[in-house]
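What's in work-v6.cif: mmCIF, C-alpha atoms and all ligand atoms
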```cif
data_final
#
loop_
_atom_site.label_atom_id
_atom_site.label_comp_id
_atom_site.auth_asym_id
_atom_site.auth_seq_id
_atom_site.Cartn_x
_atom_site.Cartn_y
_atom_site.Cartn_z
CA MET A 1 9.74 -29.92 -19.01
CA ARG A 2 10.07 -28.25 -15.62
CA ASN A 3 6.97 -27.10 -13.73
CA PRO A 4 5.68 -23.74 -14.88
CA ILE A 5 6.71 -20.71 -12.83
CA TYR A 6 4.13 -17.95 -12.99
CA VAL A 7 4.73 -14.29 -12.33
CA THR A 8 2.99 -14.73 -9.01
CA GLN A 9 1.41 -17.36 -6.82
CA PRO A 10 -1.03 -16.34 -4.10
CA SER A 11 0.11 -16.63 -0.48
CA LEU A 12 -2.12 -19.01 1.46
CA PRO A 13 -2.06 -20.11 5.09
CA GLU A 14 -2.38 -23.77 6.09
CA LEU A 15 -5.96 -24.90 5.49
CA GLU A 16 -6.24 -26.40 9.00
CA GLU A 17 -5.56 -22.98 10.48
CA PHE A 18 -8.55 -21.57 8.62
CA ILE A 19 -11.07 -24.09 9.95
CA PRO A 20 -11.45 -22.51 13.42
CA PHE A 21 -12.29 -19.21 11.73
CA LEU A 22 -15.02 -20.92 9.73
CA GLU A 23 -16.36 -22.56 12.88
CA GLN A 24 -16.53 -19.11 14.47
CA ILE A 25 -18.55 -17.77 11.53
CA TRP A 26 -20.92 -20.77 11.67
CA LYS A 27 -21.38 -20.12 15.37
CA ASN A 28 -21.86 -16.34 14.97
CA LYS A 29 -24.32 -16.78 12.09
CA VAL A 30 -23.19 -13.37 10.86
CA LEU A 31 -21.97 -13.70 7.29
CA THR A 32 -21.56 -10.10 6.22
CA ASN A 33 -22.77 -6.50 6.91
CA CYS A 34 -19.62 -5.52 8.79
CA GLY A 35 -19.75 -8.40 11.29
CA PRO A 36 -17.32 -9.10 14.13
CA LEU A 37 -14.47 -10.47 11.99
CA HIS A 38 -14.78 -7.53 9.58
CA GLN A 39 -14.53 -5.14 12.55
CA GLN A 40 -11.59 -7.04 13.97
CA LEU A 41 -9.75 -6.95 10.64
CA GLU A 42 -10.30 -3.19 10.30
CA SER A 43 -8.87 -2.68 13.76
CA GLU A 44 -5.87 -5.01 13.26
CA LEU A 45 -5.09 -3.42 9.88
CA CYS A 46 -5.12 0.08 11.41
CA ASP A 47 -2.56 -1.13 13.95
CA TYR A 48 -0.41 -3.04 11.48
CA LEU A 49 -0.42 -0.41 8.75
CA GLY A 50 -0.23 2.60 11.07
CA VAL A 51 -3.34 4.35 9.77
CA ASP A 52 -6.29 5.88 11.65
CA TYR A 53 -9.33 4.96 9.54
CA ILE A 54 -9.83 2.07 7.19
CA SER A 55 -12.97 0.80 5.49
CA LEU A 56 -12.87 -2.69 3.99
CA PHE A 57 -14.28 -3.44 0.54
CA ASN A 58 -15.09 -6.48 -1.59
CA ASN A 59 -12.34 -5.43 -4.04
CA GLY A 60 -10.01 -2.54 -4.83
CA THR A 61 -11.91 -1.39 -7.89
CA ILE A 62 -15.20 -0.78 -6.06
CA ALA A 63 -13.13 0.95 -3.36
CA LEU A 64 -11.63 3.28 -5.99
CA VAL A 65 -15.08 4.07 -7.42
CA THR A 66 -16.39 4.76 -3.90
CA ALA A 67 -13.40 6.89 -2.86
CA LEU A 68 -14.18 9.33 -5.68
CA GLN A 69 -17.83 9.41 -4.58
CA ALA A 70 -16.91 9.96 -0.95
CA LEU A 71 -15.03 13.10 -2.00
CA ASN A 72 -18.12 14.35 -3.86
CA LEU A 73 -16.46 14.34 -7.26
CA THR A 74 -19.35 14.35 -9.69
CA GLU A 75 -17.96 16.17 -12.72
CA GLY A 76 -14.71 17.41 -14.19
CA GLU A 77 -11.25 16.11 -15.01
CA VAL A 78 -9.07 13.78 -12.98
CA ILE A 79 -5.36 13.72 -13.75
CA THR A 80 -3.92 10.22 -13.64
CA THR A 81 -1.18 7.95 -14.97
CA PRO A 82 -1.36 5.90 -18.18
CA TYR A 83 1.12 3.42 -16.68
CA THR A 84 -1.18 1.35 -14.49
CA PHE A 85 -3.78 -1.40 -14.37
CA VAL A 86 -7.08 -0.53 -16.10
CA ALA A 87 -9.03 -0.29 -12.81
CA THR A 88 -7.50 3.13 -12.08
CA ALA A 89 -8.91 4.70 -15.24
CA HIS A 90 -12.14 2.69 -15.12
CA SER A 91 -12.97 4.03 -11.65
CA ILE A 92 -12.74 7.59 -12.99
CA VAL A 93 -14.95 6.94 -16.01
CA TRP A 94 -17.50 4.94 -13.96
CA ASN A 95 -18.03 8.17 -12.02
CA LYS A 96 -18.60 10.09 -15.28
CA LEU A 97 -15.39 12.00 -14.68
CA THR A 98 -12.87 12.60 -17.46
CA PRO A 99 -9.44 10.98 -17.13
CA VAL A 100 -6.50 13.15 -18.20
CA PHE A 101 -3.43 10.96 -18.62
CA VAL A 102 -0.01 12.54 -18.09
CA ASP A 103 3.47 11.12 -18.44
CA ILE A 104 5.54 9.37 -15.78
CA ASP A 105 8.99 9.94 -14.33
CA PRO A 106 11.01 7.11 -15.92
CA ASN A 107 13.12 6.67 -12.75
CA THR A 108 10.19 5.83 -10.48
CA SER A 109 7.53 4.73 -13.04
CA ASN A 110 5.16 7.09 -11.18
CA ILE A 111 3.29 10.16 -12.40
CA ASP A 112 5.54 13.19 -12.97
CA PRO A 113 4.38 16.12 -10.75
CA ALA A 114 5.64 18.68 -13.30
CA LYS A 115 3.43 17.07 -15.96
CA VAL A 116 0.50 17.07 -13.55
CA GLU A 117 0.87 20.80 -13.04
CA GLU A 118 0.98 21.43 -16.81
CA ALA A 119 -2.24 19.48 -17.32
CA ILE A 120 -4.35 21.42 -14.80
CA THR A 121 -7.30 23.29 -16.33
CA GLY A 122 -10.36 25.07 -14.93
CA LYS A 123 -12.12 21.70 -15.01
CA THR A 124 -9.58 19.71 -12.99
CA VAL A 125 -11.06 18.42 -9.75
CA ALA A 126 -8.65 15.73 -8.59
CA ILE A 127 -5.38 13.86 -9.06
CA MET A 128 -5.26 10.06 -8.92
CA PRO A 129 -1.65 8.85 -8.91
CA VAL A 130 -0.56 5.21 -8.50
CA HIS A 131 2.32 4.05 -6.26
CA CYS A 132 3.44 1.78 -9.05
CA TYR A 133 5.08 -1.51 -7.92
CA GLY A 134 4.77 -0.17 -4.36
CA ILE A 135 7.30 2.60 -5.07
CA PRO A 136 6.20 5.87 -3.42
CA CYS A 137 5.06 8.72 -5.66
CA ASP A 138 6.55 12.15 -5.06
CA VAL A 139 3.92 12.67 -2.35
CA ASN A 140 5.22 16.05 -1.18
CA ALA A 141 5.20 17.63 -4.64
CA LEU A 142 1.77 16.18 -5.42
CA GLN A 143 0.28 17.43 -2.13
CA LYS A 144 1.69 20.90 -2.79
CA ILE A 145 0.08 20.97 -6.24
CA ALA A 146 -3.23 19.71 -4.84
CA ASN A 147 -3.21 22.40 -2.14
CA GLN A 148 -2.28 25.18 -4.55
CA HIS A 149 -5.04 24.33 -6.99
CA ASN A 150 -7.63 23.10 -4.48
CA LEU A 151 -7.70 19.57 -5.91
CA LYS A 152 -8.53 16.28 -4.21
CA LEU A 153 -5.70 13.77 -4.10
CA ILE A 154 -6.65 10.09 -4.18
CA TYR A 155 -3.91 7.49 -4.34
CA ASP A 156 -4.42 4.18 -6.08
CA ALA A 157 -2.23 2.38 -3.55
CA ALA A 158 -3.22 -1.11 -4.76
CA HIS A 159 0.47 -2.12 -4.76
CA ALA A 160 1.46 -0.33 -1.57
CA PHE A 161 0.39 -2.57 1.31
CA GLY A 162 2.81 -2.17 4.22
CA VAL A 163 5.06 0.44 2.61
CA LYS A 164 6.48 3.13 4.92
CA HIS A 165 7.76 6.44 3.61
CA GLN A 166 9.14 9.52 5.39
CA GLY A 167 8.44 8.10 8.83
CA GLN A 168 4.88 6.87 8.28
CA SER A 169 2.59 4.63 6.29
CA LEU A 170 2.55 5.56 2.61
CA LEU A 171 -1.23 5.13 2.87
CA ASN A 172 -1.50 8.25 5.05
CA TYR A 173 -0.80 10.65 2.18
CA GLY A 174 -3.49 12.45 0.18
CA ASP A 175 -7.21 12.71 0.94
CA ALA A 176 -7.63 8.96 0.61
CA SER A 177 -5.70 5.86 -0.45
CA VAL A 178 -7.10 2.67 -1.89
CA ILE A 179 -5.47 -0.74 -1.45
CA SER A 180 -6.29 -4.08 -3.05
CA PHE A 181 -6.35 -7.51 -1.39
CA HIS A 182 -6.69 -9.37 -4.69
CA ALA A 183 -5.17 -12.86 -4.90
CA THR A 184 -2.16 -11.50 -6.82
CA LYS A 185 -1.30 -8.78 -4.32
CA VAL A 186 1.18 -8.83 -1.41
CA PHE A 187 -1.63 -9.29 1.14
CA ASN A 188 -4.72 -11.12 -0.11
CA THR A 189 -8.18 -12.02 1.13
CA PHE A 190 -8.96 -13.91 -2.15
CA GLU A 191 -10.68 -10.70 -3.32
CA GLY A 192 -10.83 -7.55 -1.26
CA GLY A 193 -9.69 -3.99 -0.81
CA ALA A 194 -9.95 -0.95 1.41
CA ILE A 195 -10.08 2.83 1.57
CA ILE A 196 -7.83 4.60 4.05
CA CYS A 197 -9.09 8.05 5.06
CA HIS A 198 -8.34 10.63 7.73
CA SER A 199 -11.50 11.39 9.69
CA ALA A 200 -14.25 9.49 11.49
CA GLU A 201 -16.75 11.51 9.50
CA MET A 202 -15.34 10.42 6.17
CA LYS A 203 -15.13 6.79 7.27
CA GLN A 204 -18.78 6.94 8.26
CA ARG A 205 -19.68 8.29 4.82
CA ILE A 206 -17.59 5.61 3.08
CA ASP A 207 -19.21 2.88 5.20
CA ARG A 208 -22.62 4.17 4.13
CA LEU A 209 -21.60 4.33 0.48
CA LYS A 210 -20.45 0.71 0.50
CA ASN A 211 -23.83 -0.37 1.91
CA PHE A 212 -26.36 0.99 -0.64
CA GLY A 213 -26.40 4.44 1.01
CA ILE A 214 -28.45 3.06 3.90
CA VAL A 215 -28.65 5.29 7.00
CA ASP A 216 -31.36 3.35 8.84
CA GLU A 217 -34.29 1.09 8.03
CA THR A 218 -36.28 3.80 6.29
CA THR A 219 -33.61 6.32 5.29
CA ILE A 220 -31.40 5.89 2.20
CA GLU A 221 -29.25 8.92 1.46
CA ASP A 222 -27.08 7.95 -1.51
CA ILE A 223 -27.50 6.07 -4.77
CA SER A 224 -24.55 3.77 -4.27
CA LEU A 225 -23.16 0.28 -4.51
CA ASN A 226 -22.73 -2.80 -2.39
CA GLY A 227 -19.00 -2.96 -1.67
CA LYS A 228 -18.93 -4.92 1.57
CA LEU A 229 -16.34 -7.57 2.42
CA SER A 230 -17.83 -10.83 3.75
CA GLU A 231 -16.92 -12.47 7.05
CA VAL A 232 -15.16 -15.36 5.26
CA HIS A 233 -12.89 -12.91 3.42
CA ALA A 234 -12.28 -10.93 6.61
CA ALA A 235 -11.40 -14.19 8.42
CA LEU A 236 -8.79 -15.01 5.80
CA GLY A 237 -7.39 -11.51 6.19
CA LEU A 238 -6.99 -11.99 9.95
CA LEU A 239 -5.11 -15.22 9.34
CA GLN A 240 -2.93 -13.77 6.55
CA LEU A 241 -1.98 -10.87 8.79
CA LYS A 242 -0.32 -13.28 11.24
CA SER A 243 2.28 -14.24 8.63
CA ILE A 244 2.64 -10.95 6.78
CA ASP A 245 6.08 -10.11 8.19
CA LYS A 246 7.38 -13.52 7.08
CA THR A 247 5.84 -12.96 3.65
CA LEU A 248 7.51 -9.58 3.29
CA LEU A 249 10.88 -10.95 4.43
CA ALA A 250 10.73 -13.77 1.85
CA ARG A 251 10.00 -11.19 -0.85
CA LYS A 252 12.92 -9.05 0.30
CA ASN A 253 15.29 -12.01 0.02
CA ILE A 254 14.15 -12.77 -3.52
CA ASP A 255 14.47 -9.12 -4.51
CA GLU A 256 18.05 -9.01 -3.18
CA TYR A 257 18.96 -12.28 -4.86
CA TYR A 258 17.64 -11.20 -8.25
CA ARG A 259 19.54 -7.92 -8.02
CA GLU A 260 22.78 -9.72 -7.15
CA GLN A 261 22.39 -12.22 -9.98
CA LEU A 262 21.39 -9.67 -12.62
CA GLU A 263 24.11 -7.18 -11.79
CA GLY A 264 26.48 -6.45 -14.61
CA ILE A 265 24.35 -7.90 -17.43
CA GLU A 266 24.55 -5.27 -20.09
CA GLY A 267 21.14 -3.92 -21.08
CA ILE A 268 19.29 -5.35 -18.07
CA ALA A 269 18.38 -2.82 -15.39
CA CYS A 270 16.44 -3.40 -12.19
CA ILE A 271 14.04 -0.70 -11.07
CA GLN A 272 15.29 1.29 -8.07
CA ARG A 273 13.33 0.58 -4.91
CA THR A 274 15.35 2.70 -2.49
CA LEU A 275 12.77 5.46 -2.02
CA ALA A 276 10.64 3.83 0.68
CA GLU A 277 12.07 3.28 4.14
CA LYS A 278 10.07 0.08 4.45
CA ASP A 279 9.44 -1.64 1.14
CA ASN A 280 7.01 -4.47 0.28
CA TYR A 281 8.84 -5.86 -2.79
CA ALA A 282 5.49 -6.23 -4.54
CA TYR A 283 6.94 -6.80 -8.04
CA PHE A 284 10.28 -7.36 -9.69
CA PRO A 285 10.34 -5.37 -12.93
CA ILE A 286 13.44 -5.38 -15.13
CA ILE A 287 14.04 -2.97 -17.99
CA ILE A 288 15.55 -4.33 -21.19
CA THR A 289 17.53 -2.04 -23.47
CA GLU A 290 20.36 -2.28 -25.99
CA PRO A 291 22.96 -3.80 -25.99
CA TYR A 292 20.99 -6.74 -24.53
CA PRO A 293 20.69 -9.13 -27.49
CA LEU A 294 16.91 -9.58 -27.24
CA SER A 295 14.01 -7.17 -27.17
CA ARG A 296 11.58 -7.34 -24.25
CA ASP A 297 9.08 -9.30 -26.35
CA GLU A 298 11.77 -11.75 -27.49
CA LEU A 299 12.97 -12.32 -23.92
CA PHE A 300 9.36 -12.81 -22.82
CA CYS A 301 9.02 -15.57 -25.46
CA GLU A 302 12.36 -17.19 -24.57
CA LEU A 303 11.32 -17.44 -20.92
CA LYS A 304 7.93 -18.79 -21.93
CA LYS A 305 9.60 -21.55 -23.92
CA GLN A 306 11.20 -22.64 -20.64
CA ASN A 307 7.82 -22.52 -18.86
CA ILE A 308 8.62 -19.23 -17.11
CA PHE A 309 5.67 -16.87 -17.32
CA ALA A 310 6.92 -13.33 -16.78
CA ARG A 311 4.49 -10.44 -17.36
CA LYS A 312 4.54 -7.31 -19.45
CA TYR A 313 3.34 -5.20 -16.58
CA PHE A 314 2.27 -2.51 -17.62
CA TYR A 315 1.76 -2.98 -21.30
CA PRO A 316 -0.05 -1.56 -23.14
CA ILE A 317 -0.42 1.83 -21.45
CA MET A 318 -4.00 3.04 -21.04
CA THR A 319 -4.06 5.40 -24.01
CA ASP A 320 -2.95 2.60 -26.35
CA LEU A 321 -6.11 0.67 -25.49
CA GLU A 322 -8.92 1.18 -27.99
CA ILE A 323 -11.33 2.17 -25.16
CA TYR A 324 -9.06 5.01 -23.98
CA LYS A 325 -7.67 6.08 -27.35
CA SER A 326 -9.64 9.32 -27.41
CA TYR A 327 -7.64 10.47 -24.36
CA GLN A 328 -4.33 10.14 -26.23
CA ARG A 329 -1.59 12.63 -25.34
CA ASP A 330 2.15 12.78 -25.69
CA MET A 331 3.76 10.48 -23.09
CA PRO A 332 7.12 9.26 -24.30
CA ASN A 333 8.38 8.01 -20.91
CA ALA A 334 5.38 5.79 -20.23
CA LYS A 335 5.48 4.43 -23.80
CA ASN A 336 9.18 3.72 -23.61
CA LEU A 337 9.04 1.96 -20.24
CA SER A 338 5.98 -0.02 -21.26
CA LYS A 339 7.87 -1.34 -24.31
CA ARG A 340 10.90 -2.46 -22.28
CA VAL A 341 9.57 -3.66 -18.93
CA LEU A 342 9.14 -7.25 -17.84
CA CYS A 343 8.06 -8.37 -14.37
CA LEU A 344 9.87 -11.51 -13.26
CA PRO A 345 8.21 -14.10 -11.01
CA MET A 346 7.98 -12.79 -7.44
CA TYR A 347 6.17 -14.53 -4.60
CA PRO A 348 7.19 -15.69 -1.13
CA THR A 349 7.41 -19.42 -1.90
CA LEU A 350 9.57 -18.93 -5.00
CA ALA A 351 12.81 -20.79 -4.30
CA LEU A 352 16.17 -19.13 -4.86
CA ASN A 353 17.25 -21.99 -7.15
CA GLU A 354 14.22 -21.19 -9.30
CA CYS A 355 15.29 -17.55 -9.35
CA LYS A 356 18.76 -18.70 -10.37
CA PHE A 357 17.32 -20.75 -13.21
CA ILE A 358 15.57 -17.60 -14.45
CA THR A 359 18.54 -15.27 -14.08
CA ASP A 360 20.91 -17.84 -15.68
CA LEU A 361 18.58 -18.00 -18.67
CA ILE A 362 18.66 -14.21 -18.96
CA LYS A 363 22.45 -14.18 -18.52
CA ASP A 364 23.20 -16.92 -21.04
CA ILE A 365 21.33 -15.41 -23.97
CA LYS A 366 23.80 -14.39 -26.64
C1 LIG B 1 -5.02 -4.77 -8.59
C2 LIG B 1 -5.14 -3.33 -8.92
C3 LIG B 1 -6.36 -2.64 -8.81
C4 LIG B 1 -7.67 -3.33 -8.60
O1 LIG B 1 -7.82 -4.04 -7.48
P1 LIG B 1 -8.89 -5.24 -7.40
O2 LIG B 1 -8.89 -5.57 -5.96
O3 LIG B 1 -8.37 -6.35 -8.26
O4 LIG B 1 -10.20 -4.72 -7.88
C5 LIG B 1 -6.37 -1.28 -9.02
N1 LIG B 1 -5.25 -0.62 -9.37
C6 LIG B 1 -4.07 -1.23 -9.51
C7 LIG B 1 -2.87 -0.43 -9.88
C8 LIG B 1 -3.98 -2.62 -9.33
O5 LIG B 1 -2.80 -3.24 -9.53
#
```

Output the structure of this file as structure tokens.
Amino acid sequence: MRNPIYVTQPSLPELEEFIPFLEQIWKNKVLTNCGPLHQQLESELCDYLGVDYISLFNNGTIALVTALQALNLTEGEVITTPYTFVATAHSIVWNKLTPVFVDIDPNTSNIDPAKVEEAITGKTVAIMPVHCYGIPCDVNALQKIANQHNLKLIYDAAHAFGVKHQGQSLLNYGDASVISFHATKVFNTFEGGAIICHSAEMKQRIDRLKNFGIVDETTIEDISLNGKLSEVHAALGLLQLKSIDKTLLARKNIDEYYREQLEGIEGIACIQRTLAEKDNYAYFPIIITEPYPLSRDELFCELKKQNIFARKYFYPIMTDLEIYKSYQRDMPNAKNLSKRVLCLPMYPTLALNECKFITDLIKDIK
């Protein structure tokens, strides 16, 4: 049996290259609390991403929870997408806010602005869309709705590292954007994340919120969490950043190869990624419909038999989970996509002959 191919494999630098960073930390004797490497990573990320203010976190989920707090959202409804990873919805509920799930646009897999507008009530305080698979949301329509109804707009941009849209970083849209540096993401620090915001004042507040609400030795102004990223994680980030362009290029090549190979197979469609002017190729979702001879679940099993571990990403949608069932609404597009989508393996060290093995399998099914 061939070696298993998983949906992703984390990008890692050479271990020897990491040792000098560790030596630096041992010499500094600063392990956390926004030390020198943490500060350096914030500054290098601002430059690389093209954003003004970034605050690093220990993971994307705590960053999402904190972003809502930084915008003073303490009660009311937050409109969001059911077609996402659970952390999006969890961050809303952890803040004692009520998630209102609305349907997606099937062409982009992102929240449908028209559906957002329909769902606004007197209690709505914010919108939390997701740039699913790194594909930009309709940021102009969403900003217009937020302005008209005086709502905060917080993007779960966990998938959107490095994406550029309409002449700037996709992370510059909305009141805040949250990215994740989890092992499975395009850019990883083992675990990690960040909030991107648009003023020094807000960054200062976010930095306080991620450090217990501490102002000085005797003054604590918020009841908040510990969300800080350690120096070891920041060091890995600095090293990863050196090879990020190579990583993104390798992903681009795989994306192009898959598209070429899958073209013309009836019932197999690749999601369109043409919206962004600079893409990160974070995932490779295919959509399986008739007349393809197998259902999504059957194809998933066939691949698994060959030691290929694709992922049903995102399935189930939030409102089909027992814990979010009470928020059920009509969302045919999200349900339909969730039933048909399969993310194929996608990571920079995936070889094109491995991709070919996968696409040949898909092609040869009768
Ligand atoms: C990965 C992910 C998160 C959570 O990020 P962590 O860093 O793992 O906490 C949130 N939202 C989406 C859409 C994600 O894919």

- Message: With only C-alpha atoms as the counted atoms, please give the residues lying no more than 6 Å from Met318 (chain A), apart from itself and same-chain residues fewer than 2 positions off, as a ChimeraX atom specification.
- Response: /A:82,320-321

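If you measure from each of A:Glu217, A:Glu322, A:Asp297, A:Glu231 to Leu31 (chain A) using only C-alpha atoms, the closest one turns out to be A:Glu231.
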
- Task: Mind giving me the straight-line distance from CA of Tyr6 (chain A) to CA of Ile308 (chain A) in Å, one decimal?
- Result: 6.2 Å

Can you build me a table of region 106-133 of chain A residues sitting at most 10 Å from region 99-102 of chain A, with the closest atom pair per residue and its distance in Å to one decimal, using only C-alpha atoms, sorted by chain and residue number, as a tab-separated table?
```
residue	atom	partner	partner_atom	distance
A:Ile111	CA	A:Val102	CA	7.0
A:Asp112	CA	A:Val102	CA	7.6
A:Pro113	CA	A:Val102	CA	9.3
A:Ala114	CA	A:Val102	CA	9.6
A:Lys115	CA	A:Val102	CA	6.1
A:Val116	CA	A:Val102	CA	6.4
A:Glu117	CA	A:Val102	CA	9.7
A:Glu118	CA	A:Val102	CA	9.0
A:Ala119	CA	A:Val102	CA	7.3
A:Ile120	CA	A:Val100	CA	9.2
A:Thr124	CA	A:Val100	CA	8.9
A:Ala126	CA	A:Pro99	CA	9.8
A:Ile127	CA	A:Val100	CA	9.2
A:Met128	CA	A:Pro99	CA	9.3
```

- Item | Site check for ligand LIG 1 (chain B): residues at most 10 Å away, only C-alpha atoms and all ligand atoms, as an MDAnalysis selection string | chainID A and resid 57:64 81 83:91 129:134 155:160 178:185 188:194 313:314
